[in-house]
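> Quick one, input_2.pdb (PDB, N, CA and C atoms):
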```pdb
MODEL        1
ATOM      1  N   MET A   1      19.728 -18.912  20.653
ATOM      2  CA  MET A   1      19.673 -17.724  19.838
ATOM      3  C   MET A   1      21.094 -17.198  19.653
ATOM      4  N   SER A   2      21.450 -16.882  18.450
ATOM      5  CA  SER A   2      22.801 -16.402  18.201
ATOM      6  C   SER A   2      22.787 -14.894  18.015
ATOM      7  N   THR A   3      23.888 -14.284  18.338
ATOM      8  CA  THR A   3      24.044 -12.846  18.159
ATOM      9  C   THR A   3      25.227 -12.610  17.252
ATOM     10  N   PRO A   4      25.244 -11.475  16.587
ATOM     11  CA  PRO A   4      26.371 -11.211  15.690
ATOM     12  C   PRO A   4      27.662 -11.027  16.482
ATOM     13  N   ALA A   5      28.755 -11.328  15.841
ATOM     14  CA  ALA A   5      30.054 -11.151  16.475
ATOM     15  C   ALA A   5      30.252  -9.672  16.797
ATOM     16  N   PRO A   6      30.956  -9.357  17.905
ATOM     17  CA  PRO A   6      31.136  -7.962  18.303
ATOM     18  C   PRO A   6      31.796  -7.100  17.236
ATOM     19  N   ASP A   7      32.656  -7.691  16.395
ATOM     20  CA  ASP A   7      33.326  -6.894  15.372
ATOM     21  C   ASP A   7      32.533  -6.839  14.063
ATOM     22  N   ASP A   8      31.333  -7.416  14.050
ATOM     23  CA  ASP A   8      30.495  -7.394  12.852
ATOM     24  C   ASP A   8      29.557  -6.187  12.930
ATOM     25  N   PHE A   9      29.885  -5.143  12.180
ATOM     26  CA  PHE A   9      29.102  -3.914  12.218
ATOM     27  C   PHE A   9      28.025  -3.867  11.127
ATOM     28  N   SER A  10      27.873  -4.920  10.364
ATOM     29  CA  SER A  10      26.892  -4.926   9.279
ATOM     30  C   SER A  10      25.746  -5.879   9.599
ATOM     31  N   TYR A  11      25.137  -5.694  10.764
ATOM     32  CA  TYR A  11      24.014  -6.548  11.133
ATOM     33  C   TYR A  11      22.763  -5.715  11.156
ATOM     34  N   PRO A  12      21.690  -6.044  10.509
ATOM     35  CA  PRO A  12      21.567  -7.176   9.591
ATOM     36  C   PRO A  12      22.404  -6.942   8.331
ATOM     37  N   PRO A  13      22.689  -8.041   7.642
ATOM     38  CA  PRO A  13      23.543  -7.890   6.459
ATOM     39  C   PRO A  13      22.906  -6.944   5.439
ATOM     40  N   PRO A  14      23.709  -6.140   4.779
ATOM     41  CA  PRO A  14      23.153  -5.197   3.799
ATOM     42  C   PRO A  14      22.512  -5.930   2.630
ATOM     43  N   ARG A  15      21.417  -5.359   2.160
ATOM     44  CA  ARG A  15      20.746  -5.931   0.991
ATOM     45  C   ARG A  15      21.334  -5.318  -0.272
ATOM     46  N   PRO A  16      21.314  -6.047  -1.358
ATOM     47  CA  PRO A  16      21.847  -5.474  -2.596
ATOM     48  C   PRO A  16      21.006  -4.283  -3.032
ATOM     49  N   ARG A  17      21.636  -3.273  -3.538
ATOM     50  CA  ARG A  17      20.939  -2.078  -4.023
ATOM     51  C   ARG A  17      20.432  -2.353  -5.431
ATOM     52  N   LEU A  18      19.114  -2.184  -5.609
ATOM     53  CA  LEU A  18      18.522  -2.378  -6.927
ATOM     54  C   LEU A  18      17.961  -1.051  -7.408
ATOM     55  N   SER A  19      17.999  -0.853  -8.703
ATOM     56  CA  SER A  19      17.389   0.346  -9.261
ATOM     57  C   SER A  19      15.874   0.164  -9.259
ATOM     58  N   VAL A  20      15.163   1.249  -9.434
ATOM     59  CA  VAL A  20      13.705   1.183  -9.503
ATOM     60  C   VAL A  20      13.286   0.265 -10.648
ATOM     61  N   GLU A  21      13.947   0.387 -11.764
ATOM     62  CA  GLU A  21      13.614  -0.448 -12.919
ATOM     63  C   GLU A  21      13.802  -1.926 -12.603
ATOM     64  N   GLU A  22      14.871  -2.266 -11.871
ATOM     65  CA  GLU A  22      15.119  -3.660 -11.511
ATOM     66  C   GLU A  22      14.060  -4.188 -10.541
ATOM     67  N   MET A  23      13.656  -3.349  -9.583
ATOM     68  CA  MET A  23      12.616  -3.768  -8.647
ATOM     69  C   MET A  23      11.277  -3.973  -9.364
ATOM     70  N   LEU A  24      10.934  -3.071 -10.274
ATOM     71  CA  LEU A  24       9.682  -3.212 -11.014
ATOM     72  C   LEU A  24       9.713  -4.450 -11.904
ATOM     73  N   ALA A  25      10.831  -4.703 -12.542
ATOM     74  CA  ALA A  25      10.954  -5.881 -13.402
ATOM     75  C   ALA A  25      10.831  -7.161 -12.580
ATOM     76  N   ALA A  26      11.377  -7.166 -11.374
ATOM     77  CA  ALA A  26      11.318  -8.353 -10.520
ATOM     78  C   ALA A  26       9.886  -8.677 -10.109
ATOM     79  N   LYS A  27       9.025  -7.665 -10.048
ATOM     80  CA  LYS A  27       7.631  -7.877  -9.659
ATOM     81  C   LYS A  27       6.703  -7.971 -10.870
ATOM     82  N   ASN A  28       7.271  -7.988 -12.059
ATOM     83  CA  ASN A  28       6.495  -8.081 -13.306
ATOM     84  C   ASN A  28       5.425  -6.999 -13.399
ATOM     85  N   THR A  29       5.793  -5.771 -13.018
ATOM     86  CA  THR A  29       4.843  -4.667 -13.112
ATOM     87  C   THR A  29       4.822  -4.121 -14.527
ATOM     88  N   ARG A  30       3.769  -3.386 -14.825
ATOM     89  CA  ARG A  30       3.677  -2.738 -16.128
ATOM     90  C   ARG A  30       3.119  -1.340 -15.919
ATOM     91  N   PRO A  31       3.398  -0.430 -16.820
ATOM     92  CA  PRO A  31       2.930   0.943 -16.655
ATOM     93  C   PRO A  31       1.401   1.040 -16.715
ATOM     94  N   ILE A  32       0.861   2.037 -16.036
ATOM     95  CA  ILE A  32      -0.576   2.330 -16.122
ATOM     96  C   ILE A  32      -0.794   3.075 -17.427
ATOM     97  N   ARG A  33      -1.650   2.539 -18.273
ATOM     98  CA  ARG A  33      -1.872   3.147 -19.579
ATOM     99  C   ARG A  33      -3.181   3.930 -19.646
ATOM    100  N   SER A  34      -4.130   3.621 -18.766
ATOM    101  CA  SER A  34      -5.386   4.356 -18.748
ATOM    102  C   SER A  34      -6.018   4.246 -17.365
ATOM    103  N   LEU A  35      -7.036   5.055 -17.114
ATOM    104  CA  LEU A  35      -7.735   4.981 -15.841
ATOM    105  C   LEU A  35      -8.431   3.643 -15.667
ATOM    106  N   ASP A  36      -8.763   2.983 -16.746
ATOM    107  CA  ASP A  36      -9.388   1.659 -16.656
ATOM    108  C   ASP A  36      -8.478   0.647 -15.963
ATOM    109  N   ASP A  37      -7.159   0.857 -16.056
ATOM    110  CA  ASP A  37      -6.217  -0.028 -15.364
ATOM    111  C   ASP A  37      -6.376   0.058 -13.854
ATOM    112  N   LEU A  38      -6.888   1.183 -13.363
ATOM    113  CA  LEU A  38      -7.044   1.396 -11.923
ATOM    114  C   LEU A  38      -8.441   1.053 -11.420
ATOM    115  N   ALA A  39      -9.350   0.780 -12.322
ATOM    116  CA  ALA A  39     -10.734   0.511 -11.938
ATOM    117  C   ALA A  39     -10.830  -0.794 -11.156
ATOM    118  N   ALA A  40     -11.689  -0.770 -10.119
ATOM    119  CA  ALA A  40     -11.918  -1.965  -9.319
ATOM    120  C   ALA A  40     -13.364  -1.963  -8.856
ATOM    121  N   ASP A  41     -13.979  -3.128  -8.818
ATOM    122  CA  ASP A  41     -15.340  -3.258  -8.321
ATOM    123  C   ASP A  41     -15.283  -3.529  -6.824
ATOM    124  N   THR A  42     -15.052  -2.473  -6.059
ATOM    125  CA  THR A  42     -14.899  -2.610  -4.618
ATOM    126  C   THR A  42     -16.245  -2.811  -3.939
ATOM    127  N   PHE A  43     -17.257  -2.079  -4.397
ATOM    128  CA  PHE A  43     -18.583  -2.149  -3.790
ATOM    129  C   PHE A  43     -19.536  -2.856  -4.743
ATOM    130  N   GLU A  44     -20.381  -3.708  -4.181
ATOM    131  CA  GLU A  44     -21.291  -4.489  -5.011
ATOM    132  C   GLU A  44     -22.490  -3.695  -5.499
ATOM    133  N   SER A  45     -22.798  -2.570  -4.825
ATOM    134  CA  SER A  45     -23.947  -1.764  -5.240
ATOM    135  C   SER A  45     -23.714  -0.310  -4.868
ATOM    136  N   ASP A  46     -24.536   0.565  -5.444
ATOM    137  CA  ASP A  46     -24.467   1.979  -5.101
ATOM    138  C   ASP A  46     -24.850   2.191  -3.641
ATOM    139  N   GLU A  47     -25.767   1.379  -3.137
ATOM    140  CA  GLU A  47     -26.189   1.508  -1.740
ATOM    141  C   GLU A  47     -25.028   1.189  -0.792
ATOM    142  N   GLU A  48     -24.266   0.164  -1.121
ATOM    143  CA  GLU A  48     -23.113  -0.196  -0.296
ATOM    144  C   GLU A  48     -22.089   0.936  -0.302
ATOM    145  N   LEU A  49     -21.863   1.546  -1.450
ATOM    146  CA  LEU A  49     -20.952   2.683  -1.551
ATOM    147  C   LEU A  49     -21.459   3.841  -0.704
ATOM    148  N   GLU A  50     -22.757   4.155  -0.804
ATOM    149  CA  GLU A  50     -23.335   5.248  -0.021
ATOM    150  C   GLU A  50     -23.195   5.003   1.478
ATOM    151  N   GLU A  51     -23.395   3.761   1.925
ATOM    152  CA  GLU A  51     -23.231   3.433   3.338
ATOM    153  C   GLU A  51     -21.780   3.659   3.776
ATOM    154  N   PHE A  52     -20.844   3.254   2.945
ATOM    155  CA  PHE A  52     -19.433   3.452   3.262
ATOM    156  C   PHE A  52     -19.100   4.934   3.354
ATOM    157  N   LEU A  53     -19.574   5.722   2.394
ATOM    158  CA  LEU A  53     -19.287   7.154   2.406
ATOM    159  C   LEU A  53     -19.909   7.834   3.622
ATOM    160  N   ALA A  54     -21.128   7.454   3.978
ATOM    161  CA  ALA A  54     -21.786   8.028   5.159
ATOM    162  C   ALA A  54     -21.001   7.664   6.425
ATOM    163  N   PHE A  55     -20.579   6.424   6.541
ATOM    164  CA  PHE A  55     -19.789   5.983   7.688
ATOM    165  C   PHE A  55     -18.478   6.765   7.769
ATOM    166  N   THR A  56     -17.781   6.888   6.632
ATOM    167  CA  THR A  56     -16.505   7.596   6.601
ATOM    168  C   THR A  56     -16.686   9.051   6.996
ATOM    169  N   TYR A  57     -17.707   9.704   6.469
ATOM    170  CA  TYR A  57     -17.984  11.101   6.809
ATOM    171  C   TYR A  57     -18.260  11.236   8.307
ATOM    172  N   ALA A  58     -19.093  10.365   8.846
ATOM    173  CA  ALA A  58     -19.433  10.412  10.268
ATOM    174  C   ALA A  58     -18.192  10.202  11.142
ATOM    175  N   GLU A  59     -17.334   9.266  10.777
ATOM    176  CA  GLU A  59     -16.123   9.001  11.555
ATOM    177  C   GLU A  59     -15.168  10.193  11.518
ATOM    178  N   ARG A  60     -15.053  10.834  10.382
ATOM    179  CA  ARG A  60     -14.145  11.967  10.258
ATOM    180  C   ARG A  60     -14.633  13.170  11.054
ATOM    181  N   HIS A  61     -15.946  13.274  11.250
ATOM    182  CA  HIS A  61     -16.516  14.422  11.945
ATOM    183  C   HIS A  61     -16.993  14.093  13.354
ATOM    184  N   ARG A  62     -16.676  12.921  13.838
ATOM    185  CA  ARG A  62     -17.162  12.450  15.129
ATOM    186  C   ARG A  62     -16.720  13.347  16.286
ATOM    187  N   ASP A  63     -15.480  13.750  16.321
ATOM    188  CA  ASP A  63     -14.960  14.528  17.447
ATOM    189  C   ASP A  63     -14.917  16.024  17.169
ATOM    190  N   VAL A  64     -15.493  16.463  16.078
ATOM    191  CA  VAL A  64     -15.444  17.890  15.714
ATOM    192  C   VAL A  64     -16.426  18.699  16.559
ATOM    193  N   ALA A  65     -17.590  18.177  16.802
ATOM    194  CA  ALA A  65     -18.631  18.955  17.486
ATOM    195  C   ALA A  65     -18.396  19.092  18.962
TER     196      ALA A  65
ENDMDL
END
```
Spell out the structure here as structure tokens.


Amino acid sequence: MSTPAPDDFSYPPPRPRLSVEEMLAAKNTRPIRSLDDLAADTFESDEELEEFLAFTYAERHRDVA
């Protein structure tokens, strides 16, 4: 295992500074144009969603009483 030289004060080496625009371009992102862009089919049914919400509510209130 190697260690940096004692006179090397830039460990780990500095990363190049990129603007937000450059970082977004590098990841091929695009602006959100509507709420439909954020839509996702996370739950397969309304029942599955209800079970998740009930579980989440119960967990959040578990130590309150």

> Mind pulling up the distance from atom CA of Ser45 of chain A to atom CA of Pro31 of chain A?

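Computing it gives 29.3 Å between the two atoms.
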
> Distance atom CA of Thr42 of chain A-atom CA of Val20 of chain A, one decimal place?

29.3 Å

> Let me have the centre and edge lengths of the axis-aligned box enclosing all listed atoms of segment 40-49 of chain A with 4 Å padding on every side, in Å to one decimal, as lines of an AutoDock Vina configuration file.


```
center_x = -18.9
center_y = -0.3
center_z = -5.2
size_x = 22.5
size_y = 16.3
size_z = 17.8
```

> Once DSSP has gone over the backbone, tell me which residues of chain A are in helix (DSSP H, G or I), as number ranges by chain.

A: 20-26, 35-38, 46-60

> From the structure just shown, export segment 24-57 of chain A with N, CA and C atoms as a CSV table (one decimal), in the first residue's frame.


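Written file, part02.csv:
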```csv
chain,number,residue,atom,x,y,z
A,24,LEU,N,-24.7,18.5,-15.7
A,24,LEU,CA,-26.0,18.0,-16.2
A,24,LEU,C,-25.8,17.5,-17.7
A,25,ALA,N,-25.0,18.2,-18.4
A,25,ALA,CA,-24.7,17.8,-19.8
A,25,ALA,C,-24.0,16.5,-19.9
A,26,ALA,N,-23.1,16.2,-18.9
A,26,ALA,CA,-22.3,15.0,-18.9
A,26,ALA,C,-23.2,13.8,-18.6
A,27,LYS,N,-24.3,14.0,-17.9
A,27,LYS,CA,-25.2,12.9,-17.5
A,27,LYS,C,-26.4,12.9,-18.5
A,28,ASN,N,-26.4,13.7,-19.5
A,28,ASN,CA,-27.5,13.7,-20.5
A,28,ASN,C,-28.9,13.9,-19.9
A,29,THR,N,-28.9,14.9,-18.9
A,29,THR,CA,-30.2,15.2,-18.3
A,29,THR,C,-31.0,16.2,-19.1
A,30,ARG,N,-32.2,16.2,-18.9
A,30,ARG,CA,-33.1,17.2,-19.6
A,30,ARG,C,-34.0,17.8,-18.6
A,31,PRO,N,-34.5,19.0,-18.8
A,31,PRO,CA,-35.4,19.7,-17.9
A,31,PRO,C,-36.7,18.9,-17.7
A,32,ILE,N,-37.3,19.1,-16.5
A,32,ILE,CA,-38.7,18.5,-16.3
A,32,ILE,C,-39.7,19.5,-16.9
A,33,ARG,N,-40.5,19.0,-17.8
A,33,ARG,CA,-41.4,19.9,-18.6
A,33,ARG,C,-42.8,19.7,-18.0
A,34,SER,N,-43.2,18.6,-17.4
A,34,SER,CA,-44.5,18.4,-16.8
A,34,SER,C,-44.5,17.4,-15.7
A,35,LEU,N,-45.5,17.3,-14.9
A,35,LEU,CA,-45.6,16.4,-13.9
A,35,LEU,C,-45.6,14.9,-14.4
A,36,ASP,N,-46.0,14.7,-15.6
A,36,ASP,CA,-45.9,13.4,-16.2
A,36,ASP,C,-44.5,12.9,-16.3
A,37,ASP,N,-43.5,13.8,-16.4
A,37,ASP,CA,-42.1,13.4,-16.4
A,37,ASP,C,-41.7,12.7,-15.1
A,38,LEU,N,-42.4,13.1,-14.0
A,38,LEU,CA,-42.1,12.5,-12.7
A,38,LEU,C,-42.9,11.3,-12.4
A,39,ALA,N,-43.9,11.0,-13.2
A,39,ALA,CA,-44.8,9.8,-12.9
A,39,ALA,C,-44.0,8.5,-12.9
A,40,ALA,N,-44.3,7.6,-12.0
A,40,ALA,CA,-43.7,6.3,-12.0
A,40,ALA,C,-44.8,5.3,-11.4
A,41,ASP,N,-44.8,4.1,-12.0
A,41,ASP,CA,-45.7,3.1,-11.5
A,41,ASP,C,-44.9,2.3,-10.5
A,42,THR,N,-44.9,2.8,-9.3
A,42,THR,CA,-44.2,2.2,-8.2
A,42,THR,C,-44.9,1.0,-7.6
A,43,PHE,N,-46.2,1.2,-7.5
A,43,PHE,CA,-47.1,0.2,-6.9
A,43,PHE,C,-48.0,-0.5,-7.9
A,44,GLU,N,-48.1,-1.8,-7.9
A,44,GLU,CA,-48.8,-2.5,-8.9
A,44,GLU,C,-50.3,-2.4,-8.7
A,45,SER,N,-50.8,-2.0,-7.5
A,45,SER,CA,-52.2,-1.9,-7.3
A,45,SER,C,-52.5,-0.9,-6.2
A,46,ASP,N,-53.8,-0.5,-6.1
A,46,ASP,CA,-54.2,0.5,-5.0
A,46,ASP,C,-54.0,-0.2,-3.7
A,47,GLU,N,-54.2,-1.5,-3.6
A,47,GLU,CA,-54.1,-2.2,-2.4
A,47,GLU,C,-52.7,-2.2,-1.9
A,48,GLU,N,-51.7,-2.4,-2.8
A,48,GLU,CA,-50.3,-2.4,-2.4
A,48,GLU,C,-49.9,-1.0,-1.9
A,49,LEU,N,-50.4,0.0,-2.5
A,49,LEU,CA,-50.2,1.4,-2.1
A,49,LEU,C,-50.8,1.6,-0.7
A,50,GLU,N,-52.0,1.1,-0.5
A,50,GLU,CA,-52.6,1.3,0.9
A,50,GLU,C,-51.8,0.6,1.9
A,51,GLU,N,-51.3,-0.6,1.6
A,51,GLU,CA,-50.5,-1.4,2.6
A,51,GLU,C,-49.2,-0.6,2.9
A,52,PHE,N,-48.6,0.0,1.9
A,52,PHE,CA,-47.4,0.8,2.2
A,52,PHE,C,-47.7,2.0,3.0
A,53,LEU,N,-48.8,2.7,2.7
A,53,LEU,CA,-49.1,3.9,3.5
A,53,LEU,C,-49.5,3.5,5.0
A,54,ALA,N,-50.2,2.4,5.2
A,54,ALA,CA,-50.5,1.9,6.5
A,54,ALA,C,-49.2,1.6,7.3
A,55,PHE,N,-48.3,0.9,6.6
A,55,PHE,CA,-47.1,0.5,7.3
A,55,PHE,C,-46.3,1.8,7.6
A,56,THR,N,-46.2,2.7,6.7
A,56,THR,CA,-45.4,3.9,6.9
A,56,THR,C,-46.0,4.7,8.1
A,57,TYR,N,-47.3,4.8,8.1
A,57,TYR,CA,-48.0,5.6,9.2
A,57,TYR,C,-47.7,4.9,10.6
```
